[in-house]
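As stored in my_file_22.txt (compact mmCIF, C-alpha atoms):
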# COMPACT_ATOMS: atom_id res chain seq x y z
CA MET N 13 -43.44 -13.09 -19.47
CA ASN N 14 -40.50 -15.33 -18.64
CA HIS N 15 -36.99 -13.91 -18.73
CA THR N 16 -34.00 -16.19 -19.13
CA ASN N 17 -30.74 -14.85 -17.76
CA THR N 18 -27.75 -15.81 -19.85
CA ARG N 19 -24.10 -14.96 -19.53
CA LEU N 20 -20.98 -15.74 -21.47
CA GLU N 21 -19.26 -18.56 -19.64
CA LYS N 22 -16.44 -19.09 -22.09
CA SER N 23 -13.10 -17.51 -21.27
CA VAL N 24 -10.86 -16.81 -24.24
CA LYS N 25 -7.40 -17.23 -22.74
CA ILE N 26 -4.31 -15.74 -24.33
CA ILE N 27 -1.63 -18.40 -24.77
CA ASP N 28 1.11 -16.53 -26.63
CA VAL N 29 2.39 -13.13 -27.67
CA ARG N 30 5.02 -12.94 -30.37
CA VAL N 31 6.63 -10.44 -32.70
CA THR N 32 7.68 -11.15 -36.28
CA LYS N 33 10.24 -8.86 -37.87
CA PHE N 34 10.28 -8.89 -41.65
CA SER N 35 11.79 -7.06 -44.60
CA HIS N 36 10.05 -5.12 -47.34
CA VAL N 37 10.77 -2.13 -49.56
CA THR N 38 9.59 1.45 -49.34
CA ARG N 39 9.88 4.72 -51.21
CA LYS N 40 9.49 6.82 -48.07
CA HIS N 41 12.72 8.31 -46.74
CA ALA N 42 12.95 10.03 -43.35
CA ASP N 43 15.13 13.13 -43.10
CA SER N 44 17.29 13.94 -40.06
CA HIS N 45 14.24 15.37 -38.24
CA GLY N 46 12.06 12.35 -38.99
CA HIS N 47 9.89 13.88 -41.71
CA SER N 48 9.01 11.62 -44.65
CA HIS N 49 9.84 12.45 -48.27
CA PRO N 50 9.65 10.36 -51.45
CA GLY N 51 12.70 8.72 -52.95
CA PRO N 52 13.88 5.58 -54.76
CA GLU N 53 12.96 2.17 -53.43
CA LYS N 54 15.06 1.07 -50.48
CA PRO N 55 15.06 -1.88 -48.06
CA ALA N 56 13.04 -1.44 -44.88
CA THR N 57 11.89 -3.50 -41.93
CA GLN N 58 8.53 -3.80 -40.22
CA ALA N 59 7.24 -5.82 -37.28
CA MET N 60 3.95 -7.57 -36.66
CA LEU N 61 2.73 -8.19 -33.12
CA THR N 62 0.55 -11.30 -32.80
CA VAL N 63 -1.65 -12.15 -29.81
CA VAL N 64 -2.77 -15.79 -29.84
CA ALA N 65 -5.84 -17.14 -28.04
CA GLU N 66 -6.35 -20.75 -26.96
CA ASP N 67 -9.32 -21.16 -29.34
CA GLY N 68 -7.00 -20.48 -32.30
CA HIS N 69 -7.98 -16.89 -33.01
CA GLU N 70 -5.24 -14.30 -33.40
CA GLY N 71 -5.03 -10.53 -33.43
CA TYR N 72 -2.41 -8.46 -35.24
CA ALA N 73 -0.82 -5.02 -35.15
CA PHE N 74 2.00 -3.50 -37.18
CA GLN N 75 4.61 -1.25 -35.60
CA SER N 76 8.26 -0.31 -35.92
CA PRO N 77 10.63 -3.13 -34.90
CA ASP N 78 12.37 -0.59 -32.67
CA VAL N 79 9.17 -0.20 -30.66
CA ILE N 80 7.95 -3.80 -30.30
CA ARG N 81 11.34 -5.38 -29.85
CA PRO N 82 11.43 -9.00 -28.66
CA SER N 83 12.93 -7.78 -25.37
CA VAL N 84 9.93 -5.49 -24.78
CA VAL N 85 7.51 -8.28 -25.62
CA ASP N 86 9.32 -10.74 -23.34
CA LYS N 87 9.67 -8.37 -20.39
CA TYR N 88 6.42 -6.40 -20.44
CA LEU N 89 3.77 -7.73 -22.80
CA ARG N 90 3.94 -11.50 -22.59
CA PRO N 91 3.92 -11.67 -18.74
CA ALA N 92 0.87 -9.40 -18.62
CA LEU N 93 -1.11 -11.06 -21.41
CA VAL N 94 -0.49 -14.81 -21.29
CA GLY N 95 -3.18 -16.46 -19.17
CA GLU N 96 -5.49 -13.44 -19.32
CA ASP N 97 -8.92 -13.39 -20.95
CA ALA N 98 -8.47 -11.68 -24.31
CA PHE N 99 -11.75 -9.79 -23.87
CA TYR N 100 -10.57 -8.09 -20.66
CA ARG N 101 -8.84 -5.40 -22.67
CA GLU N 102 -9.24 -2.65 -20.07
CA ARG N 103 -7.77 -4.74 -17.26
CA ILE N 104 -4.86 -5.78 -19.47
CA TRP N 105 -4.24 -2.21 -20.62
CA GLN N 106 -4.28 -0.79 -17.09
CA ASN N 107 -1.88 -3.49 -15.91
CA VAL N 108 0.61 -2.92 -18.72
CA GLU N 109 0.34 0.88 -18.53
CA GLN N 110 1.28 0.76 -14.85
CA ARG N 111 4.44 -1.09 -15.84
CA GLN N 112 5.50 1.93 -17.92
CA ARG N 113 6.50 3.77 -14.74
CA GLY N 114 9.42 1.44 -14.13
CA SER N 115 10.30 0.70 -17.73
CA SER N 116 12.91 3.47 -18.16
CA GLY N 117 11.31 4.42 -21.44
CA GLN N 118 11.46 0.93 -22.93
CA LEU N 119 7.68 0.53 -22.91
CA ALA N 120 6.58 3.33 -25.24
CA ASP N 121 3.02 4.48 -25.84
CA LYS N 122 3.40 3.06 -29.36
CA ALA N 123 4.01 -0.39 -27.88
CA LEU N 124 0.93 -0.05 -25.67
CA SER N 125 -0.99 1.00 -28.75
CA ALA N 126 0.15 -2.05 -30.73
CA MET N 127 -0.87 -4.35 -27.87
CA ASP N 128 -4.33 -2.80 -27.57
CA GLN N 129 -4.78 -2.80 -31.34
CA ALA N 130 -3.96 -6.51 -31.52
CA LEU N 131 -6.46 -7.26 -28.72
CA TRP N 132 -9.26 -5.40 -30.50
CA ASP N 133 -8.35 -7.13 -33.76
CA LEU N 134 -8.48 -10.51 -32.03
CA ALA N 135 -11.90 -9.74 -30.54
CA GLY N 136 -13.31 -8.70 -33.91
CA ARG N 137 -11.94 -11.77 -35.64
CA ALA N 138 -13.23 -14.06 -32.86
CA LEU N 139 -16.74 -12.56 -33.07
CA ASN N 140 -16.63 -12.17 -36.88
CA LEU N 141 -17.34 -8.45 -36.53
CA PRO N 142 -15.59 -5.31 -37.78
CA VAL N 143 -14.08 -3.45 -34.84
CA HIS N 144 -16.06 -0.26 -35.52
CA ARG N 145 -19.27 -2.24 -34.94
CA LEU N 146 -17.80 -3.95 -31.91
CA ILE N 147 -17.08 -0.52 -30.42
CA GLY N 148 -20.55 0.70 -31.34
CA GLY N 149 -20.58 2.20 -34.81
CA PHE N 150 -21.80 5.72 -35.55
CA ARG N 151 -21.33 5.88 -39.35
CA ASP N 152 -20.39 3.72 -42.33
CA LYS N 153 -18.41 6.33 -44.25
CA ILE N 154 -16.51 9.52 -43.47
CA ALA N 155 -15.07 12.37 -45.51
CA ALA N 156 -11.30 12.18 -45.88
CA TYR N 157 -8.89 15.07 -45.97
CA GLY N 158 -5.79 14.70 -48.10
CA SER N 159 -2.87 15.16 -45.72
CA ILE N 160 0.07 16.51 -47.74
CA MET N 161 3.68 15.63 -46.84
CA CYS N 162 6.14 18.19 -45.52
CA GLY N 163 7.69 20.53 -48.06
CA ASP N 164 10.88 19.56 -49.89
CA ASP N 165 13.27 20.77 -52.59
CA ILE N 166 12.31 18.13 -55.18
CA PRO N 167 11.54 19.49 -58.68
CA GLY N 168 7.85 18.95 -59.35
CA GLY N 169 7.36 17.94 -55.73
CA LEU N 170 6.56 20.33 -52.89
CA ALA N 171 9.37 22.85 -53.39
CA THR N 172 7.33 26.04 -53.90
CA PRO N 173 3.95 27.51 -52.93
CA ASP N 174 2.82 26.96 -56.53
CA ASP N 175 3.71 23.27 -56.18
CA TYR N 176 1.28 23.07 -53.26
CA GLY N 177 -1.40 24.82 -55.29
CA ASN N 178 -0.95 22.50 -58.25
CA PHE N 179 -1.01 19.39 -56.09
CA ALA N 180 -4.10 20.63 -54.25
CA GLN N 181 -5.90 20.98 -57.59
CA GLU N 182 -4.93 17.40 -58.42
CA LEU N 183 -6.29 16.18 -55.08
CA VAL N 184 -9.60 17.93 -55.67
CA SER N 185 -9.82 16.28 -59.09
CA ARG N 186 -9.48 12.90 -57.32
CA GLY N 187 -12.48 13.68 -55.13
CA TYR N 188 -11.01 15.22 -51.97
CA THR N 189 -13.23 17.85 -50.38
CA ALA N 190 -10.68 18.78 -47.70
CA ILE N 191 -6.88 19.17 -47.68
CA LYS N 192 -4.31 19.64 -44.91
CA LEU N 193 -0.88 21.13 -45.52
CA HIS N 194 2.41 20.33 -43.83
CA THR N 195 4.83 23.00 -45.02
CA TRP N 196 8.63 23.26 -44.93
CA MET N 197 10.42 22.19 -41.77
CA PRO N 198 14.08 21.71 -40.85
CA PRO N 199 16.37 20.43 -42.26
CA MET N 200 14.98 22.04 -45.45
CA PRO N 201 17.07 25.13 -46.36
CA GLY N 202 15.44 28.32 -45.09
CA ALA N 203 12.91 26.50 -42.94
CA PRO N 204 11.01 27.32 -40.89
CA ASP N 205 9.65 30.46 -42.52
CA PRO N 206 6.20 31.67 -41.41
CA ARG N 207 5.83 33.91 -44.46
CA ASN N 208 6.50 31.03 -46.82
CA ASP N 209 3.97 28.94 -44.89
CA VAL N 210 1.38 31.64 -45.51
CA ARG N 211 2.33 31.86 -49.20
CA ALA N 212 1.76 28.10 -49.58
CA CYS N 213 -1.61 28.34 -47.81
CA ALA N 214 -2.64 31.26 -50.02
CA ALA N 215 -1.59 29.39 -53.16
CA VAL N 216 -3.72 26.39 -52.18
CA ARG N 217 -6.75 28.51 -51.37
CA LYS N 218 -6.43 30.30 -54.73
CA ALA N 219 -6.05 26.97 -56.55
CA VAL N 220 -9.04 25.16 -55.02
CA GLY N 221 -11.48 28.02 -54.45
CA PRO N 222 -13.66 28.79 -51.43
CA ASP N 223 -15.56 25.51 -51.07
CA ILE N 224 -12.73 23.13 -50.13
CA ALA N 225 -11.98 22.80 -46.41
CA LEU N 226 -8.31 23.59 -45.67
CA MET N 227 -6.14 23.03 -42.60
CA LEU N 228 -2.52 23.72 -41.68
CA ASP N 229 -0.28 21.52 -39.52
CA GLY N 230 2.48 23.98 -38.65
CA TYR N 231 6.09 23.78 -37.62
CA HIS N 232 6.04 22.33 -34.10
CA TRP N 233 8.37 24.88 -32.50
CA TYR N 234 7.26 28.27 -33.74
CA ASN N 235 7.14 30.94 -31.02
CA ARG N 236 3.97 32.76 -30.04
CA SER N 237 4.56 35.71 -32.36
CA ASP N 238 5.05 33.55 -35.46
CA ALA N 239 2.11 31.31 -34.56
CA LEU N 240 -0.13 34.36 -34.13
CA TYR N 241 1.02 35.81 -37.46
CA ILE N 242 0.26 32.56 -39.29
CA GLY N 243 -3.04 32.09 -37.48
CA LYS N 244 -4.27 35.57 -38.41
CA ALA N 245 -3.38 34.87 -42.05
CA LEU N 246 -5.28 31.57 -41.93
CA GLU N 247 -8.33 33.41 -40.65
CA GLU N 248 -8.24 35.63 -43.74
CA LEU N 249 -7.89 32.53 -45.93
CA ASP N 250 -10.87 30.85 -44.21
CA PHE N 251 -8.96 27.77 -43.01
CA LEU N 252 -10.80 25.22 -40.90
CA TRP N 253 -8.17 24.71 -38.19
CA PHE N 254 -4.56 25.42 -37.14
CA GLU N 255 -2.58 22.47 -35.77
CA GLU N 256 0.57 22.13 -33.64
CA PRO N 257 2.46 25.38 -34.39
CA MET N 258 4.29 25.43 -31.02
CA ASP N 259 5.88 23.10 -28.49
CA GLU N 260 2.95 21.31 -26.87
CA ALA N 261 4.75 21.12 -23.53
CA SER N 262 3.72 24.78 -23.12
CA MET N 263 -0.01 24.36 -22.66
CA SER N 264 -0.28 28.00 -21.61
CA SER N 265 1.03 29.08 -25.03
CA TYR N 266 -1.81 27.18 -26.68
CA ALA N 267 -4.36 28.69 -24.30
CA TRP N 268 -2.98 32.13 -25.20
CA LEU N 269 -3.11 31.38 -28.94
CA SER N 270 -6.66 29.97 -28.76
CA ALA N 271 -7.80 33.09 -26.94
CA ASN N 272 -6.25 35.37 -29.58
CA LEU N 273 -7.51 33.62 -32.74
CA SER N 274 -10.96 33.02 -34.16
CA ILE N 275 -9.75 30.05 -36.23
CA PRO N 276 -9.99 26.87 -34.14
CA VAL N 277 -6.70 25.65 -32.68
CA ILE N 278 -6.43 21.85 -32.52
CA GLY N 279 -4.28 19.82 -30.13
CA PRO N 280 -2.46 18.21 -28.51
CA GLU N 281 -1.17 15.87 -31.19
CA SER N 282 1.99 14.33 -29.78
CA MET N 283 2.13 15.35 -26.11
CA GLN N 284 2.62 12.43 -23.74
CA GLY N 285 0.06 11.61 -21.07
CA LYS N 286 -2.69 10.03 -23.15
CA TYR N 287 -6.23 11.03 -22.12
CA ARG N 288 -4.99 12.58 -18.88
CA THR N 289 -3.07 15.26 -20.78
CA ARG N 290 -6.11 15.90 -22.98
CA ALA N 291 -8.23 16.41 -19.85
CA GLU N 292 -5.79 19.09 -18.69
CA TRP N 293 -6.00 20.80 -22.10
CA VAL N 294 -9.79 20.87 -21.89
CA ARG N 295 -9.66 22.27 -18.38
CA GLY N 296 -7.10 24.88 -19.43
CA ASN N 297 -8.99 25.97 -22.58
CA ALA N 298 -5.80 25.23 -24.49
CA SER N 299 -7.48 24.19 -27.75
CA ASP N 300 -10.84 24.43 -29.48
CA ILE N 301 -10.71 20.93 -30.98
CA LEU N 302 -9.17 17.99 -29.15
CA ARG N 303 -6.60 15.80 -30.93
CA THR N 304 -5.72 12.16 -30.34
CA GLY N 305 -4.79 9.04 -32.31
CA MET N 306 -3.32 5.59 -32.12
CA LEU N 307 0.32 6.67 -32.13
CA SER N 308 0.12 9.01 -29.12
CA ALA N 309 -2.82 7.71 -27.08
CA GLY N 310 -1.72 4.17 -26.24
CA GLY N 311 -4.51 2.29 -28.00
CA LEU N 312 -8.12 2.35 -29.15
CA GLY N 313 -9.43 2.37 -25.59
CA PRO N 314 -7.62 5.59 -24.62
CA VAL N 315 -8.66 7.26 -27.90
CA LEU N 316 -12.30 6.49 -27.11
CA LYS N 317 -11.88 7.93 -23.60
CA THR N 318 -10.47 11.12 -25.11
CA ALA N 319 -13.27 11.38 -27.66
CA HIS N 320 -15.92 10.98 -24.98
CA LEU N 321 -14.12 13.54 -22.82
CA ALA N 322 -14.28 16.02 -25.71
CA GLU N 323 -17.93 15.21 -26.39
CA ALA N 324 -18.83 15.82 -22.75
CA ASN N 325 -17.26 19.27 -23.04
CA GLY N 326 -18.94 20.18 -26.33
CA MET N 327 -15.79 19.75 -28.43
CA ASN N 328 -14.97 17.85 -31.59
CA CYS N 329 -12.20 15.26 -31.36
CA GLU N 330 -10.24 14.69 -34.56
CA ILE N 331 -8.27 11.44 -34.94
CA HIS N 332 -4.62 11.88 -35.90
CA GLY N 333 -3.15 9.63 -38.58
CA ASN N 334 -4.28 7.04 -41.07
CA GLY N 335 -4.54 3.26 -40.97
CA ALA N 336 -7.11 0.61 -40.13
CA ALA N 337 -7.31 1.31 -36.38
CA ASN N 338 -7.73 5.06 -36.77
CA LEU N 339 -10.34 4.50 -39.49
CA ALA N 340 -12.33 2.17 -37.21
CA LEU N 341 -12.24 4.86 -34.53
CA CYS N 342 -13.45 7.52 -36.96
CA MET N 343 -16.44 5.31 -37.75
CA ALA N 344 -17.30 4.99 -34.05
CA VAL N 345 -16.63 8.53 -32.76
CA ALA N 346 -19.63 10.81 -33.27
CA ASN N 347 -17.70 14.07 -32.73
CA CYS N 348 -15.03 13.32 -35.36
CA VAL N 349 -15.63 15.03 -38.71
CA TYR N 350 -12.72 13.86 -40.91
CA TYR N 351 -10.40 10.93 -41.54
CA GLU N 352 -6.75 11.83 -42.20
CA ARG N 353 -5.67 10.17 -45.44
CA GLY N 354 -1.98 10.38 -46.27
CA LEU N 355 0.72 11.36 -46.22
CA LEU N 356 0.37 12.41 -49.87
CA HIS N 357 2.96 13.63 -52.38
CA PRO N 358 2.97 14.20 -56.16
CA HIS N 359 5.67 11.52 -56.58
CA LEU N 360 4.02 8.78 -54.49
CA ASP N 361 1.07 6.48 -55.20
CA TYR N 362 -0.81 6.27 -51.91
CA ASP N 363 -3.23 3.68 -53.29
CA GLN N 364 -0.45 1.14 -53.84
CA PRO N 365 -0.45 -1.11 -50.75
CA PRO N 366 2.76 -2.11 -48.99
CA LEU N 367 3.96 -5.58 -49.89
CA TYR N 368 2.75 -7.06 -46.59
CA LEU N 369 -0.87 -6.04 -47.28
CA ASN N 370 -3.07 -7.29 -50.10
CA ALA N 371 -4.99 -3.99 -50.22
CA ILE N 372 -4.91 -0.61 -48.53
CA PRO N 373 -7.33 -0.35 -45.58
CA ASP N 374 -8.78 3.02 -46.64
CA PRO N 375 -9.73 3.19 -50.34
CA MET N 376 -11.55 6.43 -51.17
CA ASP N 377 -14.52 6.82 -53.48
CA GLY N 378 -14.89 9.54 -56.10
CA GLU N 379 -16.80 11.82 -53.72
CA GLY N 380 -14.05 11.92 -51.12
CA PHE N 381 -15.45 9.37 -48.66
CA VAL N 382 -13.66 6.44 -47.06
CA HIS N 383 -15.98 3.58 -46.16
CA ALA N 384 -15.86 1.34 -43.12
CA SER N 385 -14.27 -2.05 -43.65
CA GLN N 386 -16.63 -5.01 -43.35
CA LEU N 387 -13.82 -7.49 -42.69
CA PRO N 388 -13.70 -8.98 -39.20
CA GLY N 389 -11.28 -7.29 -36.82
CA LEU N 390 -9.63 -4.04 -37.79
CA GLY N 391 -10.03 -4.76 -41.48
CA GLU N 392 -6.44 -5.19 -42.62
CA ASP N 393 -6.06 -7.68 -45.46
CA ILE N 394 -2.68 -9.07 -44.41
CA ASN N 395 -0.39 -10.96 -46.79
CA PHE N 396 0.77 -13.61 -44.33
CA ASP N 397 2.65 -15.54 -47.03
CA TYR N 398 4.78 -12.49 -47.78
CA ILE N 399 5.54 -11.91 -44.09
CA ARG N 400 6.51 -15.55 -43.55
CA SER N 401 8.78 -15.62 -46.59
CA HIS N 402 10.52 -12.36 -45.60
CA ALA N 403 10.81 -12.96 -41.85
CA ILE N 404 14.08 -11.96 -40.18
CA ASP N 405 15.33 -14.12 -37.34
Output the structure of this file as structure tokens.
Amino acid sequence: MNHTNTRLEKSVKIIDVRVTKFSHVTRKHADSHGHSHPGPEKPATQAMLTVVAEDGHEGYAFQSPDVIRPSVVDKYLRPALVGEDAFYRERIWQNVEQRQRGSSGQLADKALSAMDQALWDLAGRALNLPVHRLIGGFRDKIAAYGSIMCGDDIPGGLATPDDYGNFAQELVSRGYTAIKLHTWMPPMPGAPDPRNDVRACAAVRKAVGPDIALMLDGYHWYNRSDALYIGKALEELDFLWFEEPMDEASMSSYAWLSANLSIPVIGPESMQGKYRTRAEWVRGNASDILRTGMLSAGGLGPVLKTAHLAEANGMNCEIHGNGAANLALCMAVANCVYYERGLLHPHLDYDQPPLYLNAIPDPMDGEGFVHASQLPGLGEDINFDYIRSHAID
């Protein structure tokens, strides 16, 4: 038998990196602590990072204009990317990540993530493949959990435990088989209140019955005593996991909590350090389920490293956050059980896409599953005409 050795000779050089800032409208309002709540339409801005290859293919990623500012692109991203082969994502990522050390905080993990996302999107579009298949797909659909917004004081919103129960019933009627709560956090009056958290969790369990998987994402700065109190109550309510109830800088507090609860503790969600921090958490037995996602990990590559780290240690790795990139990762990570769909609120229509997209990237079927996109790249159906017509110089 004759074997013919072939190799890809073509180099796909990057010739430009640019950022487009544009205006749109939103009904999401951030409070003084950064938590989203619904409100009337208001002007907003968004930014799109574009990586351009010499063969004409482009890759895209959306991020806050405060994160991928033109100055960041000019100083850190463009010098590292232009002239490089677009398929050498790991080499590019390592080079740019090393520049973080001297960036005085200008080069955030979110900017790294946007760069890596755009490179994966470019590769998928160039090869006419969805990114989840380019990674090495594991599944074509995944169960979604409805991730509820933080509590508020809006009538008919999320002002009382009964409001949570009523909304949970509505989510189940839409097809959700799992629901995650975010309860009341500052600056809401009276928050945080561990007993009110438990009341909301109990109201949801009573409303949906025993067969719906439930999770709680707690107030991020509870002390050990309050976290233990809530965790013990969640055990009685048969919750699936308990997420981020304390400052994640104290890994020992999470190791202590994990040792004192039977309900799985999941983390870290927002702690800096990418996969290196997650390795320390595994070594320190600080959580039962590992947590990572595009916003905190620095890109798809680091998320995959974290997931494989968890798999090697017999742990699940749940992906934090929604969006096309996180959905592609959920389809490729064998030890991820759920996709986080949200944030959801009684007064918001999640299925209405933002003006710069022609469709949402994660439509859900009536049985609670989100299906993998078959579009090339990350699967975002971008409204380029809208972005061009609303660009801000």
Straight-line distance linking atom CA of Ile191 of chain N with atom CA of Ile160 of chain N, stated in Å to one decimal: 7.4 Å
Residues near segment 96-98 of chain N, anyone? I mean within 8 Å using only C-alpha atoms, not counting same-chain ones fewer than 3 positions away, as a tab-separated table (two decimals) with C-alpha atoms, keeping the file's coordinate frame.
chain	number	residue	atom	x	y	z
N	23	SER	CA	-13.10	-17.51	-21.27
N	24	VAL	CA	-10.86	-16.81	-24.24
N	25	LYS	CA	-7.40	-17.23	-22.74
N	26	ILE	CA	-4.31	-15.74	-24.33
N	65	ALA	CA	-5.84	-17.14	-28.04
N	92	ALA	CA	0.87	-9.40	-18.62
N	93	LEU	CA	-1.11	-11.06	-21.41
N	101	ARG	CA	-8.84	-5.40	-22.67
N	104	ILE	CA	-4.86	-5.78	-19.47
N	131	LEU	CA	-6.46	-7.26	-28.72
N	134	LEU	CA	-8.48	-10.51	-32.03
N	135	ALA	CA	-11.90	-9.74	-30.54
Å distance separating atom CA of Gly114 of chain N from atom CA of Gln129 of chain N, one decimal place: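 Atom CA of Gly114 of chain N sits 22.7 Å away from atom CA of Gln129 of chain N.
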Tell me, counting all atoms listed in the file, for each residue of segment 56-79 of chain N within 12 Å of segment 302-317 of chain N, which pair of atoms is nearest and how far apart they are in Å to one decimal, in rows ordered by chain and increasing number, as JSON lines.
{"residue": "N:Ala73", "atom": "CA", "partner": "N:Gly311", "partner_atom": "CA", "distance": 10.9}
{"residue": "N:Phe74", "atom": "CA", "partner": "N:Leu307", "partner_atom": "CA", "distance": 11.5}
{"residue": "N:Gln75", "atom": "CA", "partner": "N:Leu307", "partner_atom": "CA", "distance": 9.7}
{"residue": "N:Ser76", "atom": "CA", "partner": "N:Leu307", "partner_atom": "CA", "distance": 11.2}
{"residue": "N:Val79", "atom": "CA", "partner": "N:Leu307", "partner_atom": "CA", "distance": 11.3}
Interatomic distance (Å, one decimal) between atom CA of Asp165 of chain N and atom CA of Met376 of chain N: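 That distance, rounded to one decimal, is 28.7 Å.
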Non-local contacts of Gly354 of chain N (8 Å; only C-alpha atoms; under 4 positions in same chain excluded) as a PyMOL selection string: chain N and resi 158-161+333-334+362
Top pick for closest residue to Gln112 of chain N, considering N:Phe179, N:Tyr88, N:Tyr266, N:Trp132 and counting all atoms listed in the file: N:Tyr88
Which residues come within 7 Å of segment 33-42 of chain N, counting only C-alpha atoms, excluding same-chain residues fewer than 2 positions away, as a short mmCIF file (atom, residue, chain, number, x, y, z; two decimals) with C-alpha atoms, in the frame of the given file?
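As a result, out.cif now contains:
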data_model
loop_
_atom_site.label_atom_id
_atom_site.label_comp_id
_atom_site.auth_asym_id
_atom_site.auth_seq_id
_atom_site.Cartn_x
_atom_site.Cartn_y
_atom_site.Cartn_z
CA VAL N 31 6.63 -10.44 -32.70
CA SER N 44 17.29 13.94 -40.06
CA GLY N 46 12.06 12.35 -38.99
CA HIS N 47 9.89 13.88 -41.71
CA SER N 48 9.01 11.62 -44.65
CA HIS N 49 9.84 12.45 -48.27
CA PRO N 50 9.65 10.36 -51.45
CA GLY N 51 12.70 8.72 -52.95
CA PRO N 52 13.88 5.58 -54.76
CA GLU N 53 12.96 2.17 -53.43
CA LYS N 54 15.06 1.07 -50.48
CA PRO N 55 15.06 -1.88 -48.06
CA ALA N 56 13.04 -1.44 -44.88
CA THR N 57 11.89 -3.50 -41.93
CA GLN N 58 8.53 -3.80 -40.22
CA ALA N 59 7.24 -5.82 -37.28
CA MET N 60 3.95 -7.57 -36.66
CA PRO N 77 10.63 -3.13 -34.90
CA LEU N 367 3.96 -5.58 -49.89
CA ILE N 399 5.54 -11.91 -44.09
CA HIS N 402 10.52 -12.36 -45.60
CA ALA N 403 10.81 -12.96 -41.85
CA ILE N 404 14.08 -11.96 -40.18
#
Protein/DNA/RNA residues near (-13.2, 8.5, -46.2), cut 6 Å, all atoms listed in the file, as a list in words: Lys153, Ile154, Ala155, Ala156, Tyr351, Met376, Phe381, Val382 and His383 of chain N
Who sits within 8 Å of segment 237-247 of chain N, only C-alpha atoms, same chain under 2 positions skipped, as a ChimeraX atom specification: /N:206-207,209-210,213,234-235,249-251,254,257-258,269,272-275
Those same residues, written as a CSV table (one decimal), in the frame of the given file with C-alpha atoms?
chain,number,residue,atom,x,y,z
N,206,PRO,CA,6.2,31.7,-41.4
N,207,ARG,CA,5.8,33.9,-44.5
N,209,ASP,CA,4.0,28.9,-44.9
N,210,VAL,CA,1.4,31.6,-45.5
N,213,CYS,CA,-1.6,28.3,-47.8
N,234,TYR,CA,7.3,28.3,-33.7
N,235,ASN,CA,7.1,30.9,-31.0
N,249,LEU,CA,-7.9,32.5,-45.9
N,250,ASP,CA,-10.9,30.8,-44.2
N,251,PHE,CA,-9.0,27.8,-43.0
N,254,PHE,CA,-4.6,25.4,-37.1
N,257,PRO,CA,2.5,25.4,-34.4
N,258,MET,CA,4.3,25.4,-31.0
N,269,LEU,CA,-3.1,31.4,-28.9
N,272,ASN,CA,-6.2,35.4,-29.6
N,273,LEU,CA,-7.5,33.6,-32.7
N,274,SER,CA,-11.0,33.0,-34.2
N,275,ILE,CA,-9.8,30.0,-36.2
Near-Met263 of chain N list (9 Å; only C-alpha atoms; drop same-chain fewer than 5 positions) as a list in words: Trp268, Pro280, Glu292, Trp293, Gly296 and Ala298 of chain N
Based on the selection just made, write C-alpha atoms of those residues as a PDB file, in the frame of the given file.
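See selection.pdb below for the written result:
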ATOM      1  CA  TRP N 268      -2.980  32.130 -25.200  1.00  0.00           C
ATOM      2  CA  PRO N 280      -2.460  18.210 -28.510  1.00  0.00           C
ATOM      3  CA  GLU N 292      -5.790  19.090 -18.690  1.00  0.00           C
ATOM      4  CA  TRP N 293      -6.000  20.800 -22.100  1.00  0.00           C
ATOM      5  CA  GLY N 296      -7.100  24.880 -19.430  1.00  0.00           C
ATOM      6  CA  ALA N 298      -5.800  25.230 -24.490  1.00  0.00           C
TER       7      ALA N 298
END
Selected residue, from N:Ala138, N:Ala271, N:Ala123, N:Ile331, that lies nearest to Thr318 of chain N when counting all atoms listed in the file: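 Looking only at the distances to Thr318 of chain N, the closest residue turns out to be N:Ile331.
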Neighbour residues at most 12 Å from (-5.4, 22.7, -47.5) (all atoms listed in the file) as a count of residues only: 50
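In terms of minimum interatomic distance to Arg111 of chain N, N:Pro91 ranks closest within N:Pro91, N:Gly136, N:Pro204, N:Gly279, counting only C-alpha atoms.
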Reconstruct N, CA and C atoms of segment 183-189 of chain N from the incomplete input and present them as an mmCIF file, keeping the file's coordinate frame.
data_model
loop_
_atom_site.group_PDB
_atom_site.id
_atom_site.type_symbol
_atom_site.label_atom_id
_atom_site.label_comp_id
_atom_site.auth_asym_id
_atom_site.auth_seq_id
_atom_site.Cartn_x
_atom_site.Cartn_y
_atom_site.Cartn_z
ATOM 1 N N LEU N 183 -5.556 16.902 -56.116
ATOM 2 C CA LEU N 183 -6.290 16.180 -55.080
ATOM 3 C C LEU N 183 -7.795 16.417 -55.198
ATOM 4 N N VAL N 184 -8.180 17.639 -55.488
ATOM 5 C CA VAL N 184 -9.600 17.930 -55.670
ATOM 6 C C VAL N 184 -10.155 17.155 -56.861
ATOM 7 N N SER N 185 -9.366 17.028 -57.918
ATOM 8 C CA SER N 185 -9.820 16.280 -59.090
ATOM 9 C C SER N 185 -10.018 14.798 -58.771
ATOM 10 N N ARG N 186 -9.317 14.300 -57.742
ATOM 11 C CA ARG N 186 -9.480 12.900 -57.320
ATOM 12 C C ARG N 186 -10.715 12.708 -56.446
ATOM 13 N N GLY N 187 -11.285 13.790 -55.947
ATOM 14 C CA GLY N 187 -12.480 13.680 -55.130
ATOM 15 C C GLY N 187 -12.364 14.262 -53.734
ATOM 16 N N TYR N 188 -11.168 14.669 -53.319
ATOM 17 C CA TYR N 188 -11.010 15.220 -51.970
ATOM 18 C C TYR N 188 -11.811 16.512 -51.825
ATOM 19 N N THR N 189 -12.498 16.627 -50.704
ATOM 20 C CA THR N 189 -13.230 17.850 -50.380
ATOM 21 C C THR N 189 -12.555 18.630 -49.255
#
